[in-house]
Structure formats: structure tokens, C-alpha cells
file final_31.cif (mmCIF, C-alpha atoms and all ligand atoms)
data_coords
#
loop_
_atom_site.label_atom_id
_atom_site.label_comp_id
_atom_site.auth_asym_id
_atom_site.auth_seq_id
_atom_site.Cartn_x
_atom_site.Cartn_y
_atom_site.Cartn_z
CA MET D 53 -94.88 44.06 -228.01
CA LYS D 54 -96.44 46.39 -225.46
CA LYS D 55 -94.19 48.95 -223.80
CA ILE D 56 -94.41 49.26 -220.02
CA VAL D 57 -92.60 51.77 -217.83
CA ILE D 58 -92.19 50.68 -214.21
CA SER D 59 -91.43 53.21 -211.49
CA LEU D 60 -89.74 51.00 -208.94
CA GLY D 61 -89.66 52.78 -205.61
CA GLY D 62 -86.31 52.76 -203.88
CA SER D 63 -88.34 52.03 -200.75
CA VAL D 64 -89.26 48.63 -202.19
CA LEU D 65 -86.12 47.79 -204.20
CA VAL D 66 -83.46 49.10 -201.82
CA PRO D 67 -85.10 50.11 -198.51
CA SER D 68 -81.50 49.95 -197.28
CA LEU D 69 -78.45 48.32 -198.85
CA GLU D 70 -78.61 45.44 -196.38
CA SER D 71 -82.33 44.79 -196.89
CA ASN D 72 -82.47 45.00 -200.69
CA ASN D 73 -84.98 43.08 -202.83
CA ILE D 74 -82.90 43.12 -206.00
CA ASP D 75 -82.68 39.33 -206.44
CA ARG D 76 -86.44 38.90 -206.23
CA TYR D 77 -87.03 41.74 -208.70
CA VAL D 78 -84.43 40.39 -211.12
CA SER D 79 -86.28 37.10 -211.54
CA VAL D 80 -89.69 38.79 -211.94
CA LEU D 81 -88.39 41.39 -214.43
CA LYS D 82 -86.72 38.67 -216.50
CA LYS D 83 -90.00 36.72 -216.61
CA ILE D 84 -91.96 39.80 -217.70
CA SER D 85 -89.39 40.93 -220.28
CA GLY D 86 -90.23 37.94 -222.46
CA LYS D 87 -93.77 39.29 -222.82
CA CYS D 88 -93.32 43.07 -223.16
CA ARG D 89 -90.69 45.80 -223.54
CA ILE D 90 -89.74 47.06 -220.10
CA PHE D 91 -88.25 50.32 -218.90
CA VAL D 92 -87.48 50.51 -215.17
CA VAL D 93 -86.98 53.79 -213.28
CA VAL D 94 -85.38 53.14 -209.90
CA GLY D 95 -85.90 55.34 -206.83
CA GLY D 96 -83.46 56.32 -204.12
CA GLY D 97 -84.91 54.56 -201.07
CA GLY D 98 -83.61 54.88 -197.53
CA GLU D 99 -80.03 55.45 -198.62
CA ALA D 100 -81.04 58.55 -200.63
CA ARG D 101 -82.85 59.91 -197.57
CA ARG D 102 -79.77 59.31 -195.41
CA TYR D 103 -77.52 61.19 -197.84
CA ILE D 104 -80.05 64.01 -198.17
CA GLY D 105 -80.34 64.23 -194.36
CA VAL D 106 -76.58 64.51 -193.89
CA ALA D 107 -76.27 67.07 -196.72
CA ARG D 108 -78.97 69.23 -195.11
CA SER D 109 -77.31 69.04 -191.72
CA LEU D 110 -74.17 70.33 -193.42
CA GLY D 111 -76.12 73.34 -194.70
CA ALA D 112 -76.68 72.17 -198.30
CA GLY D 113 -79.64 73.67 -200.15
CA GLU D 114 -82.56 71.65 -201.52
CA ALA D 115 -81.21 71.49 -205.09
CA ALA D 116 -77.84 70.21 -203.86
CA ALA D 117 -79.64 67.63 -201.72
CA ASP D 118 -81.68 66.59 -204.77
CA GLU D 119 -78.47 66.09 -206.77
CA LEU D 120 -77.29 63.66 -204.10
CA GLY D 121 -80.65 61.89 -204.27
CA ILE D 122 -80.25 61.55 -208.04
CA MET D 123 -76.79 60.03 -207.61
CA VAL D 124 -78.19 57.43 -205.23
CA THR D 125 -81.04 56.56 -207.63
CA ARG D 126 -78.41 55.95 -210.31
CA LEU D 127 -76.36 53.78 -207.94
CA ASN D 128 -79.48 51.73 -207.23
CA ALA D 129 -80.16 51.53 -210.97
CA ARG D 130 -76.65 50.21 -211.50
CA LEU D 131 -77.18 47.57 -208.81
CA LEU D 132 -80.32 46.41 -210.61
CA ILE D 133 -78.40 46.27 -213.90
CA ALA D 134 -75.70 44.21 -212.16
CA GLY D 135 -78.38 41.75 -211.04
CA LEU D 136 -80.11 41.63 -214.43
CA GLY D 137 -76.84 40.91 -216.24
CA ASP D 138 -77.39 40.18 -219.92
CA ALA D 139 -81.13 40.90 -219.70
CA ALA D 140 -80.47 44.64 -219.22
CA TYR D 141 -78.77 47.30 -221.31
CA PRO D 142 -75.44 47.67 -219.45
CA ARG D 143 -75.60 51.44 -218.80
CA VAL D 144 -77.95 53.60 -216.74
CA ALA D 145 -79.82 55.94 -219.11
CA GLU D 146 -79.19 59.54 -217.99
CA ASN D 147 -81.81 61.19 -220.18
CA TYR D 148 -84.90 60.23 -222.19
CA THR D 149 -83.15 60.13 -225.56
CA GLU D 150 -80.59 57.72 -224.19
CA ALA D 151 -83.37 55.52 -222.82
CA GLN D 152 -84.92 55.37 -226.29
CA GLU D 153 -81.55 54.59 -227.89
CA PHE D 154 -80.78 51.87 -225.35
CA ALA D 155 -84.20 50.29 -225.99
CA GLU D 156 -83.13 49.59 -229.59
CA ALA D 157 -80.98 46.75 -228.18
CA GLY D 158 -84.20 44.98 -227.15
CA LYS D 159 -83.13 44.69 -223.50
CA ILE D 160 -84.53 46.04 -220.25
CA VAL D 161 -83.64 49.73 -219.96
CA VAL D 162 -82.89 51.03 -216.46
CA MET D 163 -82.63 54.63 -215.30
CA GLY D 164 -82.71 56.71 -212.12
CA GLY D 165 -83.31 60.42 -211.52
CA ILE D 166 -82.69 63.20 -214.01
CA THR D 167 -83.10 66.69 -212.60
CA PRO D 168 -83.72 68.37 -209.20
CA ALA D 169 -87.14 69.26 -207.76
CA GLN D 170 -88.94 66.08 -208.80
CA THR D 171 -88.94 62.38 -208.00
CA THR D 172 -88.38 59.28 -210.09
CA ASP D 173 -92.17 59.07 -210.46
CA ALA D 174 -91.94 62.18 -212.65
CA VAL D 175 -89.05 60.63 -214.57
CA SER D 176 -91.13 57.51 -215.21
CA ALA D 177 -94.12 59.55 -216.42
CA VAL D 178 -91.99 61.60 -218.84
CA LEU D 179 -90.25 58.44 -219.99
CA ALA D 180 -93.62 56.77 -220.60
CA GLU D 181 -94.63 59.77 -222.70
CA SER D 182 -91.28 59.80 -224.59
CA VAL D 183 -91.35 56.14 -225.58
CA GLY D 184 -95.12 56.03 -226.18
CA ALA D 185 -95.69 53.47 -223.41
CA ASP D 186 -98.96 51.56 -223.23
CA LEU D 187 -98.87 51.49 -219.44
CA LEU D 188 -97.10 53.09 -216.49
CA ILE D 189 -96.83 51.17 -213.23
CA ASN D 190 -95.84 52.64 -209.90
CA ALA D 191 -94.59 49.85 -207.63
CA THR D 192 -94.41 51.40 -204.20
CA SER D 193 -94.69 50.63 -200.50
CA VAL D 194 -98.49 51.02 -200.29
CA ASN D 195 -101.11 49.13 -202.26
CA GLY D 196 -102.65 52.11 -204.01
CA ILE D 197 -103.67 55.72 -203.63
CA TYR D 198 -105.62 56.41 -200.44
CA SER D 199 -107.94 59.17 -199.32
CA ALA D 200 -105.37 59.93 -196.57
CA ASP D 201 -101.97 58.52 -195.57
CA PRO D 202 -102.85 54.90 -194.64
CA LYS D 203 -99.73 54.65 -192.44
CA LYS D 204 -101.05 57.48 -190.25
CA ASP D 205 -104.85 57.45 -190.65
CA ALA D 206 -106.77 54.22 -189.90
CA GLY D 207 -109.83 55.62 -191.69
CA ALA D 208 -108.00 56.04 -195.02
CA VAL D 209 -109.83 54.40 -197.96
CA ARG D 210 -108.14 53.12 -201.13
CA HIS D 211 -109.28 54.60 -204.43
CA GLU D 212 -109.95 51.70 -206.82
CA ARG D 213 -110.15 53.98 -209.86
CA LEU D 214 -109.36 57.62 -210.51
CA THR D 215 -109.39 59.77 -213.62
CA PRO D 216 -106.09 61.59 -214.37
CA LEU D 217 -107.78 64.85 -213.38
CA GLU D 218 -108.87 63.44 -210.01
CA LEU D 219 -105.30 62.26 -209.43
CA LEU D 220 -103.98 65.73 -210.17
CA GLU D 221 -106.46 67.24 -207.72
CA ILE D 222 -105.27 64.85 -205.01
CA ILE D 223 -101.63 65.70 -205.67
CA THR D 224 -101.99 69.47 -205.77
CA GLY D 225 -101.38 71.02 -202.43
CA SER D 226 -98.63 68.58 -201.41
CA ARG D 227 -95.20 70.00 -200.70
CA MET D 228 -92.00 69.19 -202.60
CA ASP D 229 -88.92 68.88 -200.39
CA ALA D 230 -85.85 66.77 -201.18
CA GLY D 231 -86.67 63.20 -200.17
CA ALA D 232 -90.38 64.02 -199.78
CA ASN D 233 -92.72 61.05 -199.95
CA THR D 234 -96.14 61.88 -201.37
CA VAL D 235 -98.43 59.78 -203.60
CA LEU D 236 -96.78 61.12 -206.76
CA ASP D 237 -95.17 64.46 -207.39
CA ILE D 238 -96.92 67.19 -209.32
CA VAL D 239 -94.79 66.81 -212.46
CA ALA D 240 -95.78 63.13 -212.60
CA GLY D 241 -99.45 64.03 -212.12
CA LYS D 242 -99.41 66.63 -214.89
CA VAL D 243 -97.64 64.38 -217.38
CA ILE D 244 -100.02 61.50 -216.64
CA GLU D 245 -102.91 63.87 -217.18
CA ARG D 246 -101.67 65.32 -220.47
CA SER D 247 -100.41 62.05 -221.97
CA GLY D 248 -103.45 59.95 -221.11
CA ILE D 249 -101.18 56.96 -220.42
CA PRO D 250 -102.91 54.67 -217.92
CA LEU D 251 -101.25 54.29 -214.52
CA LEU D 252 -101.42 51.43 -212.04
CA VAL D 253 -100.29 52.00 -208.46
CA LEU D 254 -99.58 48.71 -206.71
CA ASP D 255 -97.75 47.24 -203.75
CA GLY D 256 -94.19 46.57 -204.90
CA ARG D 257 -93.08 45.01 -201.62
CA ASP D 258 -94.07 41.70 -203.21
CA PRO D 259 -92.43 41.68 -206.69
CA GLU D 260 -94.88 38.99 -207.88
CA ASN D 261 -97.61 41.67 -207.83
CA LEU D 262 -95.95 43.12 -210.92
CA TYR D 263 -96.10 39.78 -212.73
CA ARG D 264 -99.70 39.19 -211.72
CA ALA D 265 -100.78 42.64 -212.93
CA ILE D 266 -98.87 42.67 -216.23
CA VAL D 267 -99.22 39.05 -217.31
CA GLU D 268 -102.40 37.84 -215.60
CA GLY D 269 -104.32 41.11 -215.26
CA ALA D 270 -104.82 40.30 -211.56
CA PHE D 271 -104.45 43.49 -209.66
CA VAL D 272 -104.97 45.08 -206.26
CA GLY D 273 -104.32 48.80 -206.17
CA THR D 274 -105.41 51.98 -207.92
CA VAL D 275 -106.02 52.34 -211.66
CA VAL D 276 -105.74 55.86 -213.08
CA CYS D 277 -107.33 56.18 -216.52
CA GLU D 278 -110.22 57.79 -218.33
CA GLU D 279 -113.65 56.42 -217.50
CA GLY D 280 -114.58 53.36 -219.54
CA SER D 281 -111.05 52.33 -220.57
CA THR D 282 -109.47 49.03 -219.42
CA PRO D 283 -105.66 49.21 -219.23
CA LEU D 284 -105.09 45.72 -217.82
CA PRO D 285 -104.83 42.57 -219.94
CA SER D 286 -108.00 40.46 -219.65
P1 LIG D 301 -87.27 59.24 -205.23
O1 LIG D 301 -88.06 60.05 -204.26
O2 LIG D 301 -87.83 59.11 -206.55
O3 LIG D 301 -86.95 57.81 -204.64
O4 LIG D 301 -85.81 59.84 -205.34
P2 LIG D 301 -87.75 57.02 -203.51
O5 LIG D 301 -88.07 57.93 -202.37
O6 LIG D 301 -86.96 55.84 -203.21
O7 LIG D 301 -89.08 56.60 -204.21
P3 LIG D 301 -90.31 55.89 -203.48
O8 LIG D 301 -90.82 56.87 -202.47
O9 LIG D 301 -89.78 54.65 -202.87
O10 LIG D 301 -91.29 55.66 -204.60
C1 LIG D 301 -85.06 60.18 -204.19
C2 LIG D 301 -84.77 61.66 -204.15
O11 LIG D 301 -83.87 62.00 -205.22
C3 LIG D 301 -84.16 63.30 -205.71
C4 LIG D 301 -85.28 63.85 -204.83
O12 LIG D 301 -84.71 64.51 -203.73
C5 LIG D 301 -85.98 62.57 -204.39
O13 LIG D 301 -86.75 62.75 -203.24
N1 LIG D 301 -84.53 63.23 -207.16
C6 LIG D 301 -84.88 62.05 -207.76
C7 LIG D 301 -84.49 64.39 -207.92
O14 LIG D 301 -84.20 65.47 -207.41
N2 LIG D 301 -84.78 64.33 -209.25
C8 LIG D 301 -85.11 63.17 -209.88
O15 LIG D 301 -85.33 63.19 -211.12
C9 LIG D 301 -85.18 62.01 -209.10
#

call {"tool": "encode", "arguments": {"input": "final_31.cif", "output": "C-alpha cells", "more": "lines below"}}
Ligand code: UTP
result
Amino acid sequence: MKKIVISLGGSVLVPSLESNNIDRYVSVLKKISGKCRIFVVVGGGGEARRYIGVARSLGAGEAAADELGIMVTRLNARLLIAGLGDAAYPRVAENYTEAQEFAEAGKIVVMGGITPAQTTDAVSAVLAESVGADLLINATSVNGIYSADPKKDAGAVRHERLTPLELLEIITGSRMDAGANTVLDIVAGKVIERSGIPLLVLDGRDPENLYRAIVEGAFVGTVVCEEGSTPLPS
């Protein structure tokens, strides 16, 4: 069975506690898990940003704010596990070795953040490298990587395909603050580049997009891989 690591943005899974999409993701992830081995890395979403904002206003430093962000990602991961029930390993993996061990049970493995100064995109890239994943998917709140921020610049154009090196060039130069929201963080970009694991960036606001990409090979977004390779099922 193919191994797929999914970076599930908190902004799509738990934009806020009240407006969560956990139910919809649970049914899609269960459908996909019959066809491949899945590892899900859950982001912090709006709640992480709220905690980080309050911590900063209290004078906390960036690393302390990051630690709070990590705790919220793990809370979100636990909520997803609660929804997945028997389909998921019952604990949140807190490091890569644990994720590999939990995968032995043949269930969906869920984790959140690991260490300050990165995002869960970096966690998902390192996890993909650790478990030898065939594919990494970033399900986020935009439908791909754009030439500029599409929420701010009407002229932004979506990249259909990028090489890992082109991705890294796009990422370099962006800042890294707690709660920062860039395409991917630099750690993620470097690991994607060195591992050669193909990456799909797609719109996770509709969970069915995941199913369509993984099972049907139908995909709207950005593919990051070496020229000539075809990471999607045909
Ligand atoms: P993310 O930035 O990964 O979640 O983690 P998100 O913003 O919900 O993801 P997207 O944008 O929807 O894809 C939230 C915060 O938690 C801290 C960082 O401060 C990060 O911005 N964090 C997370 C870490 O410090 N280390 C980690 O390994 C993960």
C-alpha cells in the first residue's frame, strides 16, 4: 500500500472550534484509508493564533508562543482522533519514531507540532521522509501556490507545477514568526527538496478534494516534483 502524509491545515480543519470541519474530514479519511496508509499532521488554526496573540500581549517570547501553538495543534489532533474512533491510532504521535511505531497497528496515525520555529508543514515533510512516503499533500485554505498572495493580489497566478528547487526559491525570503502564514516554511521546503518526495498543494476547504486527488487522480492545485515525474494515480 502507498504511504501518504497529509498536512491538514488547522485553518481548514479547525478554523475555530465552533466552525470545525472534523466530521467531513473523518468520513473522507476513512474512505481513503482503505486504499493507502495515511499519516495526518494537524495544524493549529485560528485557536492557535488566538493563544499566540494573547501570549505575546502578555510579553511571552516567540519560542514560548510557539510552544502554545504546538499544544493547540495536538489538541486539534486529539479532536480528529476522537472523530476517527477505531480508524485511528488512539494517541497523538509526539515524535517521528512514535509515528512509525503507531503505524505498525495499521491505523491512521495523527500528529501535531513537534518543536518551535517551524510549522506543521515542516513536521509533515520530515514525517514523509521518516516513513518513506510516496506522496505528501498539503491541504490548505488556498488552491495551490501562487506567484503572490491571492487573498491580497488580484493578479496572482497559480503555479501548476514547480520543481523542489523552484519551491525553495519561492519560500526563501519569507519571515518566520509564531503563527506566521506563508506558503510553506523553510524547513518544509528544504526537506521536500532533499527527499525528492512529491508534494501536492490543494484546497482543503472541501475535504472531497483529498479523495479526488488520491483515489481518482483528479486534481486542482500545485504539483511539486522533478520534471517528467507523475506523482498522481492515473
Ligand atoms: P501551524 O502554523 O502549522 O498551523 O501551527 P496552521 O496555521 O493552522 O496551519 P495552516 O496555516 O492552516 O496550514 C500553528 C503554530 O504552532 C507553532 C507555530 O507557532 C505555528 O505557527 N508550531 C507548530 C511550532 O512552533 N512547531 C511545530 O512543529 C508546529

call {"tool": "residues_around", "arguments": {"input": "final_31.cif", "residues": "Tyr103 of chain D", "least_positions_apart": "3", "cutoff": "10 Å", "atoms": "only C-alpha atoms", "output": "ChimeraX atom specification"}}
result
/D:96,98-100,106-109,117-118,120-121,123-124,231

call {"tool": "atom_distance", "arguments": {"input": "final_31.cif", "atom1": "atom O10 of ligand LIG 301 (chain D)", "atom2": "atom CA of Tyr198 of chain D"}}
result
14.9 Å

call {"tool": "residues_near_point", "arguments": {"input": "final_31.cif", "point": "(-86.1, 45.0, -211.1)", "cutoff": "10 Å", "atoms": "all atoms listed in the file", "output": "PyMOL selection string"}}
result
chain D and resi 58-60+65+73-82+90-94+129+131-133+135-136+140+160+162+259

call {"tool": "atom_distance", "arguments": {"input": "final_31.cif", "atom1": "atom P3 of ligand LIG 301 (chain D)", "atom2": "atom CA of Gly269 of chain D"}}
result
23.5 Å

call {"tool": "atom_distance", "arguments": {"input": "final_31.cif", "atom1": "atom CA of Ile249 of chain D", "atom2": "atom CA of Ile84 of chain D"}}
result
19.7 Å

call {"tool": "closest_residue", "arguments": {"input": "final_31.cif", "among": "D:Met163, D:Leu110, D:Cys88, D:Met53", "to": "ligand LIG 301 (chain D)", "atoms": "only C-alpha atoms and all ligand atoms"}}
result
D:Met163

call {"tool": "closest_residue", "arguments": {"input": "final_31.cif", "among": "D:Val267, D:Val276, D:Ile122, D:Ile56", "to": "ligand LIG 301 (chain D)", "atoms": "only C-alpha atoms and all ligand atoms"}}
result
D:Ile122

call {"tool": "closest_residue", "arguments": {"input": "final_31.cif", "among": "D:Gly196, D:Gly61, D:Gly248, D:Gly158", "to": "ligand LIG 301 (chain D)", "atoms": "only C-alpha atoms and all ligand atoms"}}
result
D:Gly61

call {"tool": "residues_around", "arguments": {"input": "final_31.cif", "residues": "Thr149 of chain D", "least_positions_apart": "3", "cutoff": "10 Å", "atoms": "all atoms listed in the file", "output": "ChimeraX atom specification"}}
result
/D:145-146,152-155,179,182-183

call {"tool": "write_last_selection", "arguments": {"input": "final_31.cif", "atoms": "C-alpha atoms", "output": "PDB file, in the frame of the given file"}}
result
ATOM      1  CA  ALA D 145     -79.820  55.940-219.110  1.00  0.00           C
ATOM      2  CA  GLU D 146     -79.190  59.540-217.990  1.00  0.00           C
ATOM      3  CA  GLN D 152     -84.920  55.370-226.290  1.00  0.00           C
ATOM      4  CA  GLU D 153     -81.550  54.590-227.890  1.00  0.00           C
ATOM      5  CA  PHE D 154     -80.780  51.870-225.350  1.00  0.00           C
ATOM      6  CA  ALA D 155     -84.200  50.290-225.990  1.00  0.00           C
ATOM      7  CA  LEU D 179     -90.250  58.440-219.990  1.00  0.00           C
ATOM      8  CA  SER D 182     -91.280  59.800-224.590  1.00  0.00           C
ATOM      9  CA  VAL D 183     -91.350  56.140-225.580  1.00  0.00           C
TER      10      VAL D 183
END

call {"tool": "residues_near_ligand", "arguments": {"input": "final_31.cif", "ligand": "ligand LIG 301 (chain D)", "cutoff": "6 Å", "atoms": "only C-alpha atoms and all ligand atoms", "output": "mmCIF file with C-alpha atoms, in the coordinates of the input"}}
result
data_model
loop_
_atom_site.group_PDB
_atom_site.id
_atom_site.type_symbol
_atom_site.label_atom_id
_atom_site.label_comp_id
_atom_site.auth_asym_id
_atom_site.auth_seq_id
_atom_site.Cartn_x
_atom_site.Cartn_y
_atom_site.Cartn_z
ATOM 1 C CA GLY D 61 -89.660 52.780 -205.610
ATOM 2 C CA GLY D 62 -86.310 52.760 -203.880
ATOM 3 C CA SER D 63 -88.340 52.030 -200.750
ATOM 4 C CA GLY D 95 -85.900 55.340 -206.830
ATOM 5 C CA GLY D 96 -83.460 56.320 -204.120
ATOM 6 C CA GLY D 97 -84.910 54.560 -201.070
ATOM 7 C CA ALA D 100 -81.040 58.550 -200.630
ATOM 8 C CA ASP D 118 -81.680 66.590 -204.770
ATOM 9 C CA GLU D 119 -78.470 66.090 -206.770
ATOM 10 C CA GLY D 121 -80.650 61.890 -204.270
ATOM 11 C CA ILE D 122 -80.250 61.550 -208.040
ATOM 12 C CA GLY D 165 -83.310 60.420 -211.520
ATOM 13 C CA ILE D 166 -82.690 63.200 -214.010
ATOM 14 C CA THR D 167 -83.100 66.690 -212.600
ATOM 15 C CA PRO D 168 -83.720 68.370 -209.200
ATOM 16 C CA ALA D 169 -87.140 69.260 -207.760
ATOM 17 C CA GLN D 170 -88.940 66.080 -208.800
ATOM 18 C CA THR D 171 -88.940 62.380 -208.000
ATOM 19 C CA THR D 172 -88.380 59.280 -210.090
ATOM 20 C CA ASP D 173 -92.170 59.070 -210.460
ATOM 21 C CA VAL D 175 -89.050 60.630 -214.570
ATOM 22 C CA THR D 192 -94.410 51.400 -204.200
ATOM 23 C CA ALA D 230 -85.850 66.770 -201.180
ATOM 24 C CA GLY D 231 -86.670 63.200 -200.170
ATOM 25 C CA ALA D 232 -90.380 64.020 -199.780
ATOM 26 C CA ASN D 233 -92.720 61.050 -199.950
#
